[in-house]
file protein_11.cif (mmCIF, C-alpha atoms and all ligand atoms)
data_model
#
loop_
_atom_site.group_PDB
_atom_site.id
_atom_site.type_symbol
_atom_site.label_atom_id
_atom_site.label_comp_id
_atom_site.auth_asym_id
_atom_site.auth_seq_id
_atom_site.Cartn_x
_atom_site.Cartn_y
_atom_site.Cartn_z
ATOM 1 C CA MET O 183 -110.342 -4.367 -107.688
ATOM 2 C CA SER O 184 -109.902 -3.584 -111.355
ATOM 3 C CA ARG O 185 -109.623 -7.111 -112.730
ATOM 4 C CA LYS O 186 -112.165 -7.729 -115.463
ATOM 5 C CA TYR O 187 -113.865 -11.136 -115.472
ATOM 6 C CA LEU O 188 -112.660 -13.452 -118.236
ATOM 7 C CA ILE O 189 -114.991 -16.276 -119.260
ATOM 8 C CA ALA O 190 -113.141 -18.547 -121.708
ATOM 9 C CA GLY O 191 -114.528 -21.625 -123.449
ATOM 10 C CA ASN O 192 -112.051 -24.448 -124.010
ATOM 11 C CA TRP O 193 -113.737 -26.452 -126.732
ATOM 12 C CA LYS O 194 -111.012 -29.149 -126.560
ATOM 13 C CA MET O 195 -111.267 -31.643 -129.485
ATOM 14 C CA ASN O 196 -114.892 -30.812 -130.294
ATOM 15 C CA LYS O 197 -116.702 -29.129 -133.211
ATOM 16 C CA THR O 198 -115.900 -29.198 -136.916
ATOM 17 C CA ALA O 199 -115.203 -25.861 -138.590
ATOM 18 C CA SER O 200 -118.822 -25.468 -139.705
ATOM 19 C CA GLU O 201 -120.187 -26.442 -136.277
ATOM 20 C CA SER O 202 -117.763 -23.957 -134.710
ATOM 21 C CA GLY O 203 -118.942 -21.191 -137.033
ATOM 22 C CA LEU O 204 -122.519 -21.783 -135.967
ATOM 23 C CA LEU O 205 -121.758 -21.873 -132.236
ATOM 24 C CA VAL O 206 -119.688 -18.715 -132.318
ATOM 25 C CA GLN O 207 -122.440 -16.883 -134.236
ATOM 26 C CA GLN O 208 -124.878 -17.835 -131.465
ATOM 27 C CA ILE O 209 -122.478 -16.756 -128.714
ATOM 28 C CA HIS O 210 -121.774 -13.532 -130.571
ATOM 29 C CA SER O 211 -125.432 -12.641 -130.934
ATOM 30 C CA SER O 212 -125.993 -13.305 -127.246
ATOM 31 C CA VAL O 213 -122.973 -11.729 -125.504
ATOM 32 C CA GLY O 214 -120.679 -10.442 -128.279
ATOM 33 C CA SER O 215 -121.475 -6.767 -128.095
ATOM 34 C CA GLN O 216 -120.862 -6.148 -124.379
ATOM 35 C CA SER O 217 -117.419 -5.475 -122.980
ATOM 36 C CA THR O 218 -118.106 -5.574 -119.230
ATOM 37 C CA VAL O 219 -117.028 -9.217 -119.142
ATOM 38 C CA GLN O 220 -114.237 -10.430 -121.433
ATOM 39 C CA VAL O 221 -115.460 -13.499 -123.325
ATOM 40 C CA ALA O 222 -113.094 -15.804 -125.222
ATOM 41 C CA VAL O 223 -113.519 -18.988 -127.238
ATOM 42 C CA CYS O 224 -110.724 -21.492 -127.803
ATOM 43 C CA PRO O 225 -111.722 -23.825 -130.664
ATOM 44 C CA PRO O 226 -109.542 -26.553 -132.197
ATOM 45 C CA PHE O 227 -106.955 -25.350 -134.759
ATOM 46 C CA THR O 228 -109.038 -26.551 -137.714
ATOM 47 C CA SER O 229 -111.849 -24.157 -136.721
ATOM 48 C CA MET O 230 -109.764 -21.114 -135.980
ATOM 49 C CA GLY O 231 -109.857 -19.510 -139.439
ATOM 50 C CA LYS O 232 -113.629 -19.831 -139.581
ATOM 51 C CA VAL O 233 -114.153 -18.576 -136.015
ATOM 52 C CA SER O 234 -111.734 -15.702 -136.562
ATOM 53 C CA GLU O 235 -113.798 -14.543 -139.579
ATOM 54 C CA GLU O 236 -117.025 -14.800 -137.608
ATOM 55 C CA LEU O 237 -115.556 -12.753 -134.758
ATOM 56 C CA GLU O 238 -114.588 -9.770 -136.881
ATOM 57 C CA GLY O 239 -115.969 -6.672 -135.186
ATOM 58 C CA SER O 240 -116.950 -8.610 -132.069
ATOM 59 C CA GLN O 241 -115.790 -8.058 -128.479
ATOM 60 C CA ILE O 242 -115.225 -11.816 -128.154
ATOM 61 C CA ALA O 243 -111.572 -12.829 -128.126
ATOM 62 C CA LEU O 244 -110.100 -15.861 -129.867
ATOM 63 C CA GLY O 245 -107.851 -18.307 -128.022
ATOM 64 C CA ALA O 246 -105.782 -21.330 -129.049
ATOM 65 C CA GLN O 247 -105.324 -24.577 -127.148
ATOM 66 C CA ASN O 248 -101.589 -24.926 -127.763
ATOM 67 C CA VAL O 249 -98.561 -23.371 -129.485
ATOM 68 C CA TYR O 250 -94.989 -24.449 -130.266
ATOM 69 C CA HIS O 251 -92.122 -22.382 -128.898
ATOM 70 C CA GLU O 252 -90.094 -22.129 -132.121
ATOM 71 C CA ALA O 253 -90.922 -19.397 -134.636
ATOM 72 C CA SER O 254 -90.962 -21.605 -137.753
ATOM 73 C CA GLY O 255 -89.196 -24.560 -139.352
ATOM 74 C CA ALA O 256 -89.200 -28.337 -139.602
ATOM 75 C CA TYR O 257 -91.563 -29.173 -136.725
ATOM 76 C CA THR O 258 -94.206 -31.398 -138.280
ATOM 77 C CA GLY O 259 -97.645 -30.913 -136.792
ATOM 78 C CA GLU O 260 -96.830 -27.787 -134.793
ATOM 79 C CA VAL O 261 -98.122 -24.210 -134.937
ATOM 80 C CA SER O 262 -96.234 -21.007 -134.039
ATOM 81 C CA ALA O 263 -97.253 -17.850 -132.173
ATOM 82 C CA GLU O 264 -96.957 -15.841 -135.390
ATOM 83 C CA MET O 265 -99.422 -18.151 -137.159
ATOM 84 C CA LEU O 266 -101.872 -17.614 -134.317
ATOM 85 C CA ARG O 267 -101.407 -13.860 -134.274
ATOM 86 C CA ASP O 268 -102.163 -13.793 -137.994
ATOM 87 C CA LEU O 269 -105.626 -15.166 -137.097
ATOM 88 C CA TYR O 270 -106.108 -12.420 -134.469
ATOM 89 C CA VAL O 271 -105.618 -14.815 -131.581
ATOM 90 C CA THR O 272 -105.307 -13.213 -128.126
ATOM 91 C CA TYR O 273 -105.013 -16.120 -125.657
ATOM 92 C CA VAL O 274 -103.209 -19.468 -125.637
ATOM 93 C CA ILE O 275 -104.141 -22.226 -123.168
ATOM 94 C CA LEU O 276 -100.933 -23.897 -121.943
ATOM 95 C CA GLY O 277 -100.133 -26.688 -119.513
ATOM 96 C CA HIS O 278 -103.668 -28.073 -119.472
ATOM 97 C CA SER O 279 -103.902 -31.242 -117.373
ATOM 98 C CA GLU O 280 -105.009 -33.222 -120.442
ATOM 99 C CA ARG O 281 -101.782 -32.237 -122.194
ATOM 100 C CA ARG O 282 -99.838 -33.161 -119.070
ATOM 101 C CA GLN O 283 -101.658 -36.514 -118.831
ATOM 102 C CA TYR O 284 -101.778 -37.625 -122.489
ATOM 103 C CA PHE O 285 -98.916 -35.734 -124.158
ATOM 104 C CA GLY O 286 -96.229 -35.757 -121.494
ATOM 105 C CA GLU O 287 -96.156 -32.000 -120.878
ATOM 106 C CA THR O 288 -94.720 -30.783 -117.589
ATOM 107 C CA SER O 289 -94.474 -27.378 -115.953
ATOM 108 C CA LYS O 290 -90.802 -27.279 -116.985
ATOM 109 C CA SER O 291 -91.465 -28.233 -120.605
ATOM 110 C CA VAL O 292 -94.330 -25.755 -120.872
ATOM 111 C CA ASN O 293 -92.132 -22.902 -119.613
ATOM 112 C CA ASN O 294 -90.657 -22.404 -123.119
ATOM 113 C CA LYS O 295 -94.130 -22.156 -124.597
ATOM 114 C CA ILE O 296 -95.236 -19.603 -122.008
ATOM 115 C CA LEU O 297 -92.184 -17.437 -122.692
ATOM 116 C CA SER O 298 -92.590 -17.613 -126.465
ATOM 117 C CA THR O 299 -96.301 -16.892 -126.170
ATOM 118 C CA VAL O 300 -95.683 -13.577 -124.422
ATOM 119 C CA ALA O 301 -92.723 -12.832 -126.703
ATOM 120 C CA GLY O 302 -95.181 -13.312 -129.581
ATOM 121 C CA ASN O 303 -97.587 -10.750 -128.067
ATOM 122 C CA LEU O 304 -100.120 -13.372 -127.025
ATOM 123 C CA LYS O 305 -101.497 -13.968 -123.540
ATOM 124 C CA PRO O 306 -100.887 -17.367 -121.941
ATOM 125 C CA ILE O 307 -103.627 -19.005 -119.878
ATOM 126 C CA TYR O 308 -101.401 -21.229 -117.766
ATOM 127 C CA CYS O 309 -103.293 -24.176 -116.258
ATOM 128 C CA ILE O 310 -102.339 -25.695 -112.928
ATOM 129 C CA GLY O 311 -104.056 -27.952 -110.430
ATOM 130 C CA GLU O 312 -103.737 -31.055 -108.284
ATOM 131 C CA THR O 313 -104.915 -34.631 -108.816
ATOM 132 C CA ILE O 314 -107.297 -36.271 -106.360
ATOM 133 C CA GLU O 315 -104.403 -38.287 -104.850
ATOM 134 C CA GLN O 316 -102.424 -35.099 -104.265
ATOM 135 C CA ARG O 317 -105.427 -33.426 -102.627
ATOM 136 C CA GLU O 318 -106.014 -36.421 -100.374
ATOM 137 C CA ARG O 319 -102.343 -36.339 -99.329
ATOM 138 C CA ASN O 320 -102.788 -32.629 -98.468
ATOM 139 C CA GLU O 321 -100.292 -31.606 -101.158
ATOM 140 C CA THR O 322 -102.496 -29.203 -103.131
ATOM 141 C CA LEU O 323 -100.743 -25.979 -102.173
ATOM 142 C CA ASP O 324 -97.250 -27.443 -102.655
ATOM 143 C CA VAL O 325 -98.238 -28.806 -106.061
ATOM 144 C CA VAL O 326 -99.615 -25.510 -107.357
ATOM 145 C CA ARG O 327 -96.658 -23.556 -105.957
ATOM 146 C CA THR O 328 -94.211 -25.834 -107.807
ATOM 147 C CA GLN O 329 -96.267 -25.630 -111.011
ATOM 148 C CA ILE O 330 -96.210 -21.822 -110.809
ATOM 149 C CA ARG O 331 -92.490 -21.606 -110.058
ATOM 150 C CA GLU O 332 -91.455 -24.056 -112.789
ATOM 151 C CA GLY O 333 -93.894 -22.917 -115.449
ATOM 152 C CA LEU O 334 -93.148 -19.224 -114.936
ATOM 153 C CA GLU O 335 -89.358 -19.414 -114.579
ATOM 154 C CA ASN O 336 -87.712 -16.391 -116.256
ATOM 155 C CA PHE O 337 -91.108 -14.783 -116.864
ATOM 156 C CA SER O 338 -90.476 -11.056 -117.134
ATOM 157 C CA ASP O 339 -92.061 -8.696 -114.567
ATOM 158 C CA SER O 340 -92.943 -6.345 -117.387
ATOM 159 C CA GLU O 341 -95.179 -8.970 -119.054
ATOM 160 C CA VAL O 342 -97.152 -9.823 -115.955
ATOM 161 C CA GLU O 343 -100.321 -8.015 -117.012
ATOM 162 C CA ASN O 344 -100.551 -10.415 -119.974
ATOM 163 C CA LEU O 345 -100.521 -13.514 -117.801
ATOM 164 C CA VAL O 346 -103.661 -15.465 -116.912
ATOM 165 C CA ILE O 347 -103.612 -18.445 -114.537
ATOM 166 C CA ALA O 348 -106.304 -21.134 -114.565
ATOM 167 C CA TYR O 349 -106.701 -23.231 -111.432
ATOM 168 C CA GLU O 350 -108.193 -26.502 -112.612
ATOM 169 C CA PRO O 351 -108.283 -29.268 -110.008
ATOM 170 C CA VAL O 352 -107.822 -32.391 -112.141
ATOM 171 C CA TRP O 353 -110.522 -34.269 -110.203
ATOM 172 C CA ALA O 354 -113.081 -31.607 -111.136
ATOM 173 C CA ILE O 355 -112.469 -31.648 -114.902
ATOM 174 C CA GLY O 356 -115.284 -33.280 -116.841
ATOM 175 C CA THR O 357 -116.479 -35.134 -113.736
ATOM 176 C CA GLY O 358 -119.377 -32.957 -112.587
ATOM 177 C CA LYS O 359 -117.520 -32.532 -109.257
ATOM 178 C CA THR O 360 -116.807 -28.856 -108.682
ATOM 179 C CA ALA O 361 -114.566 -27.413 -106.013
ATOM 180 C CA THR O 362 -116.727 -25.695 -103.419
ATOM 181 C CA ASP O 363 -116.610 -21.900 -103.429
ATOM 182 C CA ASP O 364 -114.419 -21.982 -100.320
ATOM 183 C CA MET O 365 -112.044 -24.602 -101.710
ATOM 184 C CA ALA O 366 -111.580 -22.549 -104.871
ATOM 185 C CA GLN O 367 -111.027 -19.317 -102.929
ATOM 186 C CA GLU O 368 -108.466 -20.966 -100.639
ATOM 187 C CA VAL O 369 -106.317 -22.112 -103.568
ATOM 188 C CA HIS O 370 -106.844 -18.940 -105.627
ATOM 189 C CA SER O 371 -105.728 -16.735 -102.764
ATOM 190 C CA PHE O 372 -102.691 -18.965 -102.241
ATOM 191 C CA ILE O 373 -101.880 -18.686 -105.970
ATOM 192 C CA ARG O 374 -102.075 -14.899 -105.742
ATOM 193 C CA LYS O 375 -99.780 -14.950 -102.704
ATOM 194 C CA THR O 376 -97.289 -17.090 -104.625
ATOM 195 C CA LEU O 377 -97.479 -14.704 -107.606
ATOM 196 C CA ALA O 378 -96.846 -11.805 -105.206
ATOM 197 C CA GLU O 379 -93.650 -13.527 -104.008
ATOM 198 C CA LEU O 380 -92.480 -13.801 -107.616
ATOM 199 C CA PHE O 381 -93.659 -10.518 -109.115
ATOM 200 C CA GLY O 382 -94.624 -8.251 -106.216
ATOM 201 C CA GLU O 383 -97.962 -7.426 -104.593
ATOM 202 C CA ASN O 384 -99.099 -4.872 -107.152
ATOM 203 C CA ALA O 385 -98.428 -7.147 -110.107
ATOM 204 C CA ALA O 386 -100.146 -10.079 -108.418
ATOM 205 C CA GLU O 387 -103.256 -7.940 -107.989
ATOM 206 C CA THR O 388 -103.470 -7.439 -111.763
ATOM 207 C CA ILE O 389 -103.171 -11.129 -112.777
ATOM 208 C CA ARG O 390 -106.474 -12.877 -113.481
ATOM 209 C CA ILE O 391 -106.909 -16.299 -111.907
ATOM 210 C CA LEU O 392 -109.658 -18.383 -113.532
ATOM 211 C CA TYR O 393 -111.366 -21.411 -112.056
ATOM 212 C CA GLY O 394 -111.900 -24.475 -114.269
ATOM 213 C CA GLY O 395 -113.558 -27.824 -113.566
ATOM 214 C CA SER O 396 -117.252 -28.570 -114.106
ATOM 215 C CA MET O 397 -118.226 -24.919 -113.984
ATOM 216 C CA ASN O 398 -121.750 -24.387 -115.280
ATOM 217 C CA ALA O 399 -124.509 -21.795 -115.327
ATOM 218 C CA GLY O 400 -125.767 -23.069 -111.961
ATOM 219 C CA ASN O 401 -122.563 -22.967 -109.915
ATOM 220 C CA ALA O 402 -120.819 -20.057 -111.686
ATOM 221 C CA SER O 403 -122.241 -17.292 -109.549
ATOM 222 C CA GLY O 404 -120.979 -18.751 -106.254
ATOM 223 C CA LEU O 405 -117.502 -19.400 -107.639
ATOM 224 C CA LEU O 406 -117.219 -16.050 -109.426
ATOM 225 C CA SER O 407 -118.264 -14.130 -106.332
ATOM 226 C CA GLN O 408 -115.129 -15.273 -104.490
ATOM 227 C CA PRO O 409 -112.648 -12.386 -104.199
ATOM 228 C CA ASP O 410 -109.777 -14.157 -105.968
ATOM 229 C CA VAL O 411 -111.811 -15.912 -108.683
ATOM 230 C CA ASP O 412 -111.557 -13.687 -111.763
ATOM 231 C CA GLY O 413 -113.356 -15.841 -114.292
ATOM 232 C CA GLY O 414 -113.734 -19.346 -115.604
ATOM 233 C CA LEU O 415 -112.132 -21.742 -118.069
ATOM 234 C CA ILE O 416 -115.077 -23.793 -119.217
ATOM 235 C CA GLY O 417 -114.968 -27.188 -120.936
ATOM 236 C CA GLY O 418 -118.221 -29.124 -121.384
ATOM 237 C CA ALA O 419 -120.514 -26.186 -120.666
ATOM 238 C CA SER O 420 -118.791 -24.063 -123.330
ATOM 239 C CA LEU O 421 -120.081 -26.306 -126.111
ATOM 240 C CA SER O 422 -123.597 -24.897 -126.171
ATOM 241 C CA GLN O 423 -124.718 -21.304 -126.423
ATOM 242 C CA LYS O 424 -127.212 -21.654 -123.585
ATOM 243 C CA SER O 425 -124.870 -23.013 -120.938
ATOM 244 C CA PHE O 426 -121.858 -20.890 -121.928
ATOM 245 C CA CYS O 427 -123.795 -17.641 -122.139
ATOM 246 C CA GLY O 428 -125.477 -18.540 -118.837
ATOM 247 C CA ILE O 429 -122.038 -18.425 -117.223
ATOM 248 C CA VAL O 430 -121.224 -15.122 -118.924
ATOM 249 C CA GLN O 431 -124.555 -13.790 -117.652
ATOM 250 C CA ALA O 432 -123.666 -14.869 -114.095
ATOM 251 C CA ALA O 433 -120.491 -12.765 -114.358
ATOM 252 C CA LEU O 434 -122.451 -9.829 -115.819
ATOM 253 C CA ASP O 435 -124.966 -10.035 -112.956
ATOM 254 C CA LEU O 436 -122.125 -9.837 -110.431
ATOM 255 C CA GLU O 437 -120.797 -6.711 -112.170
ATOM 256 C CA ALA O 438 -124.238 -5.044 -112.260
HETATM 257 P P1 LIG S 1 -115.038 -29.122 -117.765
HETATM 258 O O1 LIG S 1 -115.688 -27.760 -117.665
HETATM 259 O O2 LIG S 1 -115.652 -29.990 -118.836
HETATM 260 O O3 LIG S 1 -114.932 -29.794 -116.439
HETATM 261 O O4 LIG S 1 -113.538 -28.862 -118.265
HETATM 262 C C1 LIG S 1 -112.777 -27.895 -117.638
HETATM 263 C C2 LIG S 1 -111.534 -27.698 -118.415
HETATM 264 O O5 LIG S 1 -110.719 -28.592 -118.527
HETATM 265 C C3 LIG S 1 -111.337 -26.403 -119.076
HETATM 266 O O6 LIG S 1 -110.045 -26.269 -119.559
#

call {"tool": "encode", "arguments": {"input": "protein_11.cif", "output": "structure tokens"}}
result
Amino acid sequence: MSRKYLIAGNWKMNKTASESGLLVQQIHSSVGSQSTVQVAVCPPFTSMGKVSEELEGSQIALGAQNVYHEASGAYTGEVSAEMLRDLYVTYVILGHSERRQYFGETSKSVNNKILSTVAGNLKPIYCIGETIEQRERNETLDVVRTQIREGLENFSDSEVENLVIAYEPVWAIGTGKTATDDMAQEVHSFIRKTLAELFGENAAETIRILYGGSMNAGNASGLLSQPDVDGGLIGGASLSQKSFCGIVQAALDLEA
């Protein structure tokens, strides 16, 4: 398997620009010079200029938490792919459950953003996952299949290597409840099967599928050792150097 682990911190609406600068310096000094595991940080927009400067010459990639699908124009409050690229952004988190819950995003509405992200030479991290009610009704696999099909409609086969999927069960986000290693593997392998139906077996083997939801330095190793778990999208534990770099270290230990 040639997929490289990706450990990405989703800082959500946390950290001022100066706090972000400090945190990224700490992360950089701890894990910024290795390239065995791909590390990424996704700060809020207001911190991105500062973090981008701090990351110059580092192996750590910069990610954004959103993008608008139009290139430019009268769209108050929005940010385009070109603006992100100008800050050396690599990844864009899209379809996060918090954006679905609080900002009305759906797999269909996020499809435009995914397509314009790849058209803008950026890599989407497309987030999917079921609510607790859906899991209890045994709908998990149907829900993630629909989210994949709708969110990735018209996604070009030739762009597949730039796609990252994050499986984030909504009930595990910020709750301290993590999917067990087996639960994560079951859904991840189903996601890969669904991707194979859309893009072919070989392509599906190249797409990284991250786990997100209360991942921390203690449970990372078990989750990351599952065959279809290719990294993590980390919320709370990405906000301190110790816990975030502990997760990166767990991935490095598995590669050693
Ligand atoms: P937590 O790690 O805080 O559960 O958040 C996960 C997440 O939503 C990452 O995008």

call {"tool": "residues_around", "arguments": {"input": "protein_11.cif", "residues": "region 375-390 of chain O", "least_positions_apart": "4", "cutoff": "10 Å", "atoms": "all atoms listed in the file", "output": "ChimeraX atom specification"}}
result
/O:183-188,307,323,326-328,330-331,334-335,337-348,369-371,410-414

call {"tool": "closest_atom_pairs", "arguments": {"input": "protein_11.cif", "of": "region 238-263 of chain O", "to": "region 194-198 of chain O", "cutoff": "12 Å", "atoms": "only C-alpha atoms", "output": "CSV"}}
result
residue,atom,partner,partner_atom,distance
O:Gly245,CA,O:Lys194,CA,11.4
O:Ala246,CA,O:Lys194,CA,9.7
O:Gln247,CA,O:Lys194,CA,7.3
O:Asn248,CA,O:Lys194,CA,10.4

call {"tool": "closest_residue", "arguments": {"input": "protein_11.cif", "among": "O:Trp193, O:Phe372, O:Phe285, O:Phe227", "to": "ligand LIG 1 (chain S)", "atoms": "all atoms listed in the file"}}
result
O:Trp193

call {"tool": "residues_around", "arguments": {"input": "protein_11.cif", "residues": "Ala433 (chain O)", "least_positions_apart": "6", "cutoff": "7 Å", "atoms": "all atoms listed in the file", "output": "PDB file with C-alpha atoms, in the frame of the given file"}}
result
ATOM      1  CA  TYR O 187    -113.865 -11.136-115.472  1.00  0.00           C
ATOM      2  CA  VAL O 219    -117.028  -9.217-119.142  1.00  0.00           C
ATOM      3  CA  SER O 403    -122.241 -17.292-109.549  1.00  0.00           C
ATOM      4  CA  LEU O 406    -117.219 -16.050-109.426  1.00  0.00           C
TER       5      LEU O 406
END

call {"tool": "closest_residue", "arguments": {"input": "protein_11.cif", "among": "O:Arg267, O:Lys290, O:His278, O:Lys232", "to": "Cys309 (chain O)", "atoms": "all atoms listed in the file"}}
result
O:His278

call {"tool": "residues_near_ligand", "arguments": {"input": "protein_11.cif", "ligand": "ligand LIG 1 (chain S)", "cutoff": "9 Å", "atoms": "only C-alpha atoms and all ligand atoms", "output": "ChimeraX atom specification"}}
result
/O:190-194,275,278-280,309,348,350-360,393-398,414-420

call {"tool": "resolve_selection", "arguments": {"input": "protein_11.cif", "expression": "the PyMOL selection byres (((chain O and resi 221) around 8) and not hetatm)", "output": "MDAnalysis selection string"}}
result
chainID O and resid 188:190 214 219:220 222:223 241:243 430

call {"tool": "closest_residue", "arguments": {"input": "protein_11.cif", "among": "O:Met230, O:Leu237, O:Val261, O:Ala399", "to": "Val206 (chain O)", "atoms": "all atoms listed in the file"}}
result
O:Leu237

call {"tool": "atom_distance", "arguments": {"input": "protein_11.cif", "atom1": "CA of Gln208 (chain O)", "atom2": "CA of Ala438 (chain O)"}}
result
23.1 Å

call {"tool": "residues_around", "arguments": {"input": "protein_11.cif", "residues": "Ser289 (chain O)", "least_positions_apart": "3", "cutoff": "6 Å", "atoms": "all atoms listed in the file", "output": "mmCIF file with C-alpha atoms, keeping the file's coordinate frame"}}
result
data_model
loop_
_atom_site.group_PDB
_atom_site.id
_atom_site.type_symbol
_atom_site.label_atom_id
_atom_site.label_comp_id
_atom_site.auth_asym_id
_atom_site.auth_seq_id
_atom_site.Cartn_x
_atom_site.Cartn_y
_atom_site.Cartn_z
ATOM 1 C CA VAL O 292 -94.330 -25.755 -120.872
ATOM 2 C CA GLN O 329 -96.267 -25.630 -111.011
ATOM 3 C CA GLU O 332 -91.455 -24.056 -112.789
ATOM 4 C CA GLY O 333 -93.894 -22.917 -115.449
#

call {"tool": "atom_distance", "arguments": {"input": "protein_11.cif", "atom1": "CA of Thr288 (chain O)", "atom2": "CA of Glu260 (chain O)"}}
result
17.6 Å

call {"tool": "atom_distance", "arguments": {"input": "protein_11.cif", "atom1": "CA of Gly404 (chain O)", "atom2": "CA of Asn320 (chain O)"}}
result
24.2 Å

call {"tool": "closest_residue", "arguments": {"input": "protein_11.cif", "among": "O:Ile314, O:Thr258, O:His251, O:Val271", "to": "Asn293 (chain O)", "atoms": "all atoms listed in the file"}}
result
O:His251

call {"tool": "closest_residue", "arguments": {"input": "protein_11.cif", "among": "O:Thr322, O:Ser298, O:Gln408, O:Ser229", "to": "Leu204 (chain O)", "atoms": "all atoms listed in the file"}}
result
O:Ser229

call {"tool": "axis_aligned_box", "arguments": {"input": "protein_11.cif", "around": "region 310-317 of chain O", "padding_each_side": "8 Å", "output": "JSON"}}
result
{"center_x": -104.8, "center_y": -32.0, "center_z": -107.8, "size_x": 21.0, "size_y": 28.6, "size_z": 26.3}

call {"tool": "closest_residue", "arguments": {"input": "protein_11.cif", "among": "O:Asn336, O:Gln423, O:Thr299, O:Asn401", "to": "Ala361 (chain O)", "atoms": "all atoms listed in the file"}}
result
O:Asn401
